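Heads up, the thing below is written out as structure tokens.
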Amino acid sequence: MSTYSERYGTWALIAGGAQGIGEAYARYAAAKGLNIAAIDLSAEALDALCCSIEQEYGVECLGIEMDLALPDMLEQTIEAVGPREIGLLIYNACIADVGPFYKADTDLEFEKTRIAVNVTGPLQLSYHFAKPMLRRKSGGIILMSSGAGLQGAPYYAHYSATRAYNIVLAEALWAEFKPYSVDVLACIAGMTLSTAAEGYSHLDTSEFQTPEQLVTEAMEALGQQCSLIAGENNRQNRKLMEQLPRDQQVEIIGKHAMDNFLGGERPKQNL
């Protein structure tokens with residue numbers, strides 16, 4: 001048994017695991033010899049991922065087509081995983097958007113769905129799958145987050161709040177689980193050429209990181225630190241931000257949203 005398998009078992013469970021950053025995590029773990037269980041909304045993406053992974057890496061791949069916002073998401077996941085021993089859990093899924101807090105095309109139910117996917121989802125999967133890891137004294141958990149969660153982010157307001165949750169939860173569990181030899185990491189992604197980058201076509205993406213670069217950094221940081229801002233350019237930008245008063249940081253994030261995604265204008269609240 002390899003050192004990697006001794007540390008992270010034989011199966012990796014990746015929520016939001018068939019596309020973009022999630023797919024990069026799946027391929028990284030498969031290359032290390034782990035079998036993959038991927039949860040995704042797209043049956044087509046899951047089929048393509050599992051076929052490719054099984055052919056390229058010679059490991060098993062279980063595709064779980066499911067909406068992570070479902071009330072019985074955990075029960076469905078447990079049933080799908082069955083007796084497979086999950087040694088590495090990666091929660092990559094999220095609902096993200098940009099605009100005023102009160103939008104014309106969404107309502108409170110949409111924001112509740114965001115909580116289900118961005119907050120309740122990582123809580124439920126971590127709560128269930130971490131306990132066996134602690135008993136075995138081996139395993140790893142990565143909760144994906146965003147730079148928007150490092151401070152209030154105007155026009156990403158509720159999204160940024162849910163991203164902060166994942167950072168704080170992962171950093172706390174890093175300390176709690178460390179005596180049990182279970183590694184936990186909050187991975188704070190900056191601008192990345194993932195599936196979400198389809199909305200960046202008007203931006204200069206030359207300094208964006210690739211999903212593969214992000215995943216390599218995250219997997220190397222797992223077990224070494226409690227959180228990671230992925231990408232050197234993103235880390236340098238954060239250092240500059242931290243030199244400013246908190247209220248200026250918040251205003252800068254709002255201006256960035258307006259300039260890059262909202263036509264350079266402050267959007268009106270839909271009242």
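Each chain in the structure tokens gets a letter, A, B, ..., in the order shown, and its residues are numbered from 1; ligands are numbered from 1 in order too.
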Report as JSON lines the residues of segment 134-236 of chain A within 6 Å of segment 84-88 of chain A, each with its shortest atom pair and distance in Å (one decimal), using only C-alpha atoms, ordered by chain and increasing residue number.
```
{"residue": "A:Gly139", "atom": "CA", "partner": "A:Gly87", "partner_atom": "CA", "distance": 4.7}
{"residue": "A:Gly140", "atom": "CA", "partner": "A:Leu88", "partner_atom": "CA", "distance": 4.7}
{"residue": "A:Ile141", "atom": "CA", "partner": "A:Leu88", "partner_atom": "CA", "distance": 5.8}
```
Per residue of segment 171-190 of chain A within 9 Å of segment 225-249 of chain A, note the shortest atom pair and the distance in Å to one decimal, counting only C-alpha atoms, and order the rows by chain and increasing residue number, as CSV.
```
residue,atom,partner,partner_atom,distance
A:Glu171,CA,A:Cys226,CA,5.1
A:Ala172,CA,A:Cys226,CA,8.2
A:Leu173,CA,A:Cys226,CA,8.7
A:Trp174,CA,A:Cys226,CA,5.7
A:Ala175,CA,A:Cys226,CA,7.8
A:Asp183,CA,A:Cys226,CA,8.5
A:Val184,CA,A:Cys226,CA,6.5
A:Leu185,CA,A:Cys226,CA,5.0
A:Ala186,CA,A:Ser227,CA,4.4
A:Cys187,CA,A:Leu228,CA,5.0
A:Ile188,CA,A:Ile229,CA,4.7
A:Ala189,CA,A:Ala230,CA,5.4
A:Gly190,CA,A:Asn234,CA,5.8
```
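Residue nearest Met191 of chain A within the list A:Thr210, A:Gln55, A:Arg27, A:Glu65: A:Thr210 [criterion: smallest interatomic distance, only C-alpha atoms].
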Self-check item: For Ala15 of chain A: contacts at 8 Å, only C-alpha atoms, fewer than 3 positions along chain excluded, given as a list in words
Solution: Gly22, Ala38, Ile39, Asp40, Ile90, Tyr91, Asn92 and Ala93 of chain A
Exercise. As number ranges by chain, please: all residues of segment 32-241 of chain A that backbone DSSP puts in strand (DSSP E or B).
Key: A: 35-40, 61-65, 86-91, 139-146, 182-189, 192, 209, 227-230
Put those residues in a file: C-alpha atoms, as an mmCIF file, in the first residue's frame.
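And here is the file that came out, result-v7.cif:
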```
data_model
loop_
_atom_site.group_PDB
_atom_site.id
_atom_site.type_symbol
_atom_site.label_atom_id
_atom_site.label_comp_id
_atom_site.auth_asym_id
_atom_site.auth_seq_id
_atom_site.Cartn_x
_atom_site.Cartn_y
_atom_site.Cartn_z
ATOM 1 C CA ASN A 35 -11.050 5.366 -6.841
ATOM 2 C CA ILE A 36 -13.424 8.249 -7.536
ATOM 3 C CA ALA A 37 -17.011 8.883 -6.469
ATOM 4 C CA ALA A 38 -18.186 12.083 -8.144
ATOM 5 C CA ILE A 39 -21.442 13.926 -7.467
ATOM 6 C CA ASP A 40 -22.695 16.199 -10.238
ATOM 7 C CA CYS A 61 -15.262 5.702 -10.950
ATOM 8 C CA LEU A 62 -18.745 5.994 -9.495
ATOM 9 C CA GLY A 63 -20.922 8.729 -10.973
ATOM 10 C CA ILE A 64 -23.664 10.055 -8.704
ATOM 11 C CA GLU A 65 -26.159 12.237 -10.575
ATOM 12 C CA ILE A 86 -14.242 7.434 1.752
ATOM 13 C CA GLY A 87 -10.786 8.612 2.770
ATOM 14 C CA LEU A 88 -10.730 11.915 0.892
ATOM 15 C CA LEU A 89 -13.687 14.314 0.767
ATOM 16 C CA ILE A 90 -13.642 17.361 -1.487
ATOM 17 C CA TYR A 91 -16.587 19.755 -1.550
ATOM 18 C CA GLY A 139 -8.166 10.940 5.862
ATOM 19 C CA GLY A 140 -8.468 14.350 4.285
ATOM 20 C CA ILE A 141 -11.111 17.015 3.655
ATOM 21 C CA ILE A 142 -10.945 20.021 1.338
ATOM 22 C CA LEU A 143 -13.688 22.640 1.395
ATOM 23 C CA MET A 144 -13.485 24.943 -1.613
ATOM 24 C CA SER A 145 -14.118 28.629 -1.085
ATOM 25 C CA SER A 146 -13.470 31.979 -2.726
ATOM 26 C CA VAL A 182 -7.110 13.811 9.507
ATOM 27 C CA ASP A 183 -6.039 16.693 7.265
ATOM 28 C CA VAL A 184 -8.431 19.577 6.551
ATOM 29 C CA LEU A 185 -7.910 22.505 4.191
ATOM 30 C CA ALA A 186 -9.891 25.585 3.217
ATOM 31 C CA CYS A 187 -8.940 26.241 -0.399
ATOM 32 C CA ILE A 188 -9.648 29.830 -1.408
ATOM 33 C CA ALA A 189 -9.799 30.009 -5.173
ATOM 34 C CA THR A 192 -9.535 30.337 -12.271
ATOM 35 C CA GLN A 209 -4.756 29.938 -12.888
ATOM 36 C CA SER A 227 -6.029 27.354 4.469
ATOM 37 C CA LEU A 228 -4.631 28.282 1.083
ATOM 38 C CA ILE A 229 -5.202 31.195 -1.253
ATOM 39 C CA ALA A 230 -4.490 29.392 -4.501
#
```
Exercise. Go through A:Ala153, A:Leu214, A:Ile78, A:Leu125 and flag the residue nearest Lys255 of chain A, using only C-alpha atoms for the distances.
Key: A:Ala153
Practice problem: Name the residues of segment 18-79 of chain A that fall into helix (DSSP H, G or I) according to DSSP on the backbone, using the chain letters and numbers of this document, as a PyMOL selection string. | Solution: chain A and resi 20-31+43-57+73-79
Kindly save the residues from that selection, with N, CA and C atoms included, as an mmCIF file, in the first residue's frame.
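The new file part29.cif reads:
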```cif
data_model
loop_
_atom_site.group_PDB
_atom_site.id
_atom_site.type_symbol
_atom_site.label_atom_id
_atom_site.label_comp_id
_atom_site.auth_asym_id
_atom_site.auth_seq_id
_atom_site.Cartn_x
_atom_site.Cartn_y
_atom_site.Cartn_z
ATOM 1 N N GLY A 20 -14.761 21.173 -14.611
ATOM 2 C CA GLY A 20 -13.924 22.252 -14.105
ATOM 3 C C GLY A 20 -12.969 21.832 -13.016
ATOM 4 N N ILE A 21 -12.986 22.568 -11.913
ATOM 5 C CA ILE A 21 -12.080 22.292 -10.790
ATOM 6 C C ILE A 21 -12.351 20.914 -10.213
ATOM 7 N N GLY A 22 -13.618 20.528 -10.113
ATOM 8 C CA GLY A 22 -13.962 19.216 -9.584
ATOM 9 C C GLY A 22 -13.375 18.097 -10.414
ATOM 10 N N GLU A 23 -13.435 18.230 -11.728
ATOM 11 C CA GLU A 23 -12.834 17.227 -12.608
ATOM 12 C C GLU A 23 -11.323 17.165 -12.410
ATOM 13 N N ALA A 24 -10.687 18.317 -12.225
ATOM 14 C CA ALA A 24 -9.246 18.339 -11.997
ATOM 15 C C ALA A 24 -8.889 17.617 -10.702
ATOM 16 N N TYR A 25 -9.714 17.794 -9.669
ATOM 17 C CA TYR A 25 -9.501 17.046 -8.418
ATOM 18 C C TYR A 25 -9.649 15.547 -8.658
ATOM 19 N N ALA A 26 -10.666 15.167 -9.413
ATOM 20 C CA ALA A 26 -10.901 13.745 -9.676
ATOM 21 C C ALA A 26 -9.711 13.127 -10.396
ATOM 22 N N ARG A 27 -9.187 13.836 -11.374
ATOM 23 C CA ARG A 27 -8.056 13.301 -12.142
ATOM 24 C C ARG A 27 -6.789 13.251 -11.287
ATOM 25 N N TYR A 28 -6.596 14.230 -10.448
ATOM 26 C CA TYR A 28 -5.424 14.219 -9.562
ATOM 27 C C TYR A 28 -5.482 13.016 -8.624
ATOM 28 N N ALA A 29 -6.629 12.833 -7.984
ATOM 29 C CA ALA A 29 -6.771 11.719 -7.041
ATOM 30 C C ALA A 29 -6.662 10.373 -7.750
ATOM 31 N N ALA A 30 -7.247 10.282 -8.949
ATOM 32 C CA ALA A 30 -7.170 9.030 -9.712
ATOM 33 C C ALA A 30 -5.729 8.711 -10.097
ATOM 34 N N ALA A 31 -4.969 9.739 -10.441
ATOM 35 C CA ALA A 31 -3.562 9.538 -10.797
ATOM 36 C C ALA A 31 -2.757 9.033 -9.608
ATOM 37 N N ALA A 43 -25.482 14.222 -15.920
ATOM 38 C CA ALA A 43 -25.238 12.806 -16.197
ATOM 39 C C ALA A 43 -24.229 12.659 -17.328
ATOM 40 N N GLU A 44 -24.319 13.536 -18.305
ATOM 41 C CA GLU A 44 -23.396 13.479 -19.446
ATOM 42 C C GLU A 44 -21.955 13.704 -19.000
ATOM 43 N N ALA A 45 -21.747 14.712 -18.153
ATOM 44 C CA ALA A 45 -20.395 14.996 -17.660
ATOM 45 C C ALA A 45 -19.881 13.845 -16.801
ATOM 46 N N LEU A 46 -20.750 13.258 -15.990
ATOM 47 C CA LEU A 46 -20.348 12.122 -15.150
ATOM 48 C C LEU A 46 -19.948 10.923 -16.001
ATOM 49 N N ASP A 47 -20.732 10.628 -17.017
ATOM 50 C CA ASP A 47 -20.412 9.495 -17.895
ATOM 51 C C ASP A 47 -19.060 9.693 -18.566
ATOM 52 N N ALA A 48 -18.836 10.917 -19.077
ATOM 53 C CA ALA A 48 -17.570 11.208 -19.754
ATOM 54 C C ALA A 48 -16.402 11.110 -18.791
ATOM 55 N N LEU A 49 -16.581 11.645 -17.574
ATOM 56 C CA LEU A 49 -15.519 11.606 -16.570
ATOM 57 C C LEU A 49 -15.161 10.176 -16.203
ATOM 58 N N CYS A 50 -16.167 9.378 -15.869
ATOM 59 C CA CYS A 50 -15.905 8.014 -15.401
ATOM 60 C C CYS A 50 -15.282 7.163 -16.496
ATOM 61 N N CYS A 51 -15.760 7.311 -17.703
ATOM 62 C CA CYS A 51 -15.189 6.557 -18.818
ATOM 63 C C CYS A 51 -13.716 6.912 -19.003
ATOM 64 N N SER A 52 -13.421 8.199 -18.969
ATOM 65 C CA SER A 52 -12.048 8.668 -19.158
ATOM 66 C C SER A 52 -11.142 8.230 -18.016
ATOM 67 N N ILE A 53 -11.611 8.399 -16.794
ATOM 68 C CA ILE A 53 -10.782 8.067 -15.630
ATOM 69 C C ILE A 53 -10.477 6.574 -15.567
ATOM 70 N N GLU A 54 -11.478 5.752 -15.812
ATOM 71 C CA GLU A 54 -11.262 4.309 -15.742
ATOM 72 C C GLU A 54 -10.287 3.841 -16.821
ATOM 73 N N GLN A 55 -10.363 4.457 -18.002
ATOM 74 C CA GLN A 55 -9.462 4.085 -19.087
ATOM 75 C C GLN A 55 -8.048 4.602 -18.850
ATOM 76 N N GLU A 56 -7.923 5.831 -18.381
ATOM 77 C CA GLU A 56 -6.605 6.461 -18.244
ATOM 78 C C GLU A 56 -5.850 6.025 -16.997
ATOM 79 N N TYR A 57 -6.567 5.780 -15.908
ATOM 80 C CA TYR A 57 -5.889 5.549 -14.630
ATOM 81 C C TYR A 57 -6.106 4.151 -14.063
ATOM 82 N N MET A 73 -30.297 14.854 0.376
ATOM 83 C CA MET A 73 -29.014 14.711 -0.313
ATOM 84 C C MET A 73 -28.075 13.762 0.419
ATOM 85 N N LEU A 74 -27.960 13.902 1.724
ATOM 86 C CA LEU A 74 -27.036 13.059 2.478
ATOM 87 C C LEU A 74 -27.458 11.595 2.399
ATOM 88 N N GLU A 75 -28.743 11.333 2.578
ATOM 89 C CA GLU A 75 -29.226 9.954 2.531
ATOM 90 C C GLU A 75 -28.967 9.337 1.150
ATOM 91 N N GLN A 76 -29.194 10.117 0.101
ATOM 92 C CA GLN A 76 -28.938 9.615 -1.251
ATOM 93 C C GLN A 76 -27.454 9.349 -1.474
ATOM 94 N N THR A 77 -26.624 10.213 -0.941
ATOM 95 C CA THR A 77 -25.173 10.032 -1.088
ATOM 96 C C THR A 77 -24.709 8.782 -0.351
ATOM 97 N N ILE A 78 -25.186 8.609 0.861
ATOM 98 C CA ILE A 78 -24.803 7.434 1.657
ATOM 99 C C ILE A 78 -25.217 6.152 0.939
ATOM 100 N N GLU A 79 -26.423 6.152 0.389
ATOM 101 C CA GLU A 79 -26.910 4.972 -0.331
ATOM 102 C C GLU A 79 -26.065 4.702 -1.569
#
```
Exercise. Just the residues within 7 Å of Arg163 of chain A, please, counting only C-alpha atoms, with nothing from its chain fewer than 3 positions along; format it as JSON, numbers by chain.
Key: {"A": [145, 146, 148, 149, 159, 160, 166, 167]}
Exercise. Would you list the contacts of Asp97 of chain A as an MDAnalysis selection string, taking every protein, DNA or RNA residue within 10 Å and counting only C-alpha atoms, but skipping same-chain residues closer than 3 positions in sequence?
Key: chainID A and resid 94 100 155:160 196
Quiz item: atom CA of Pro154 of chain A to atom CA of Lys268 of chain A: how many Å, to one decimal?
Solution: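 Separating atom CA of Pro154 of chain A from atom CA of Lys268 of chain A is a distance of 12.3 Å.
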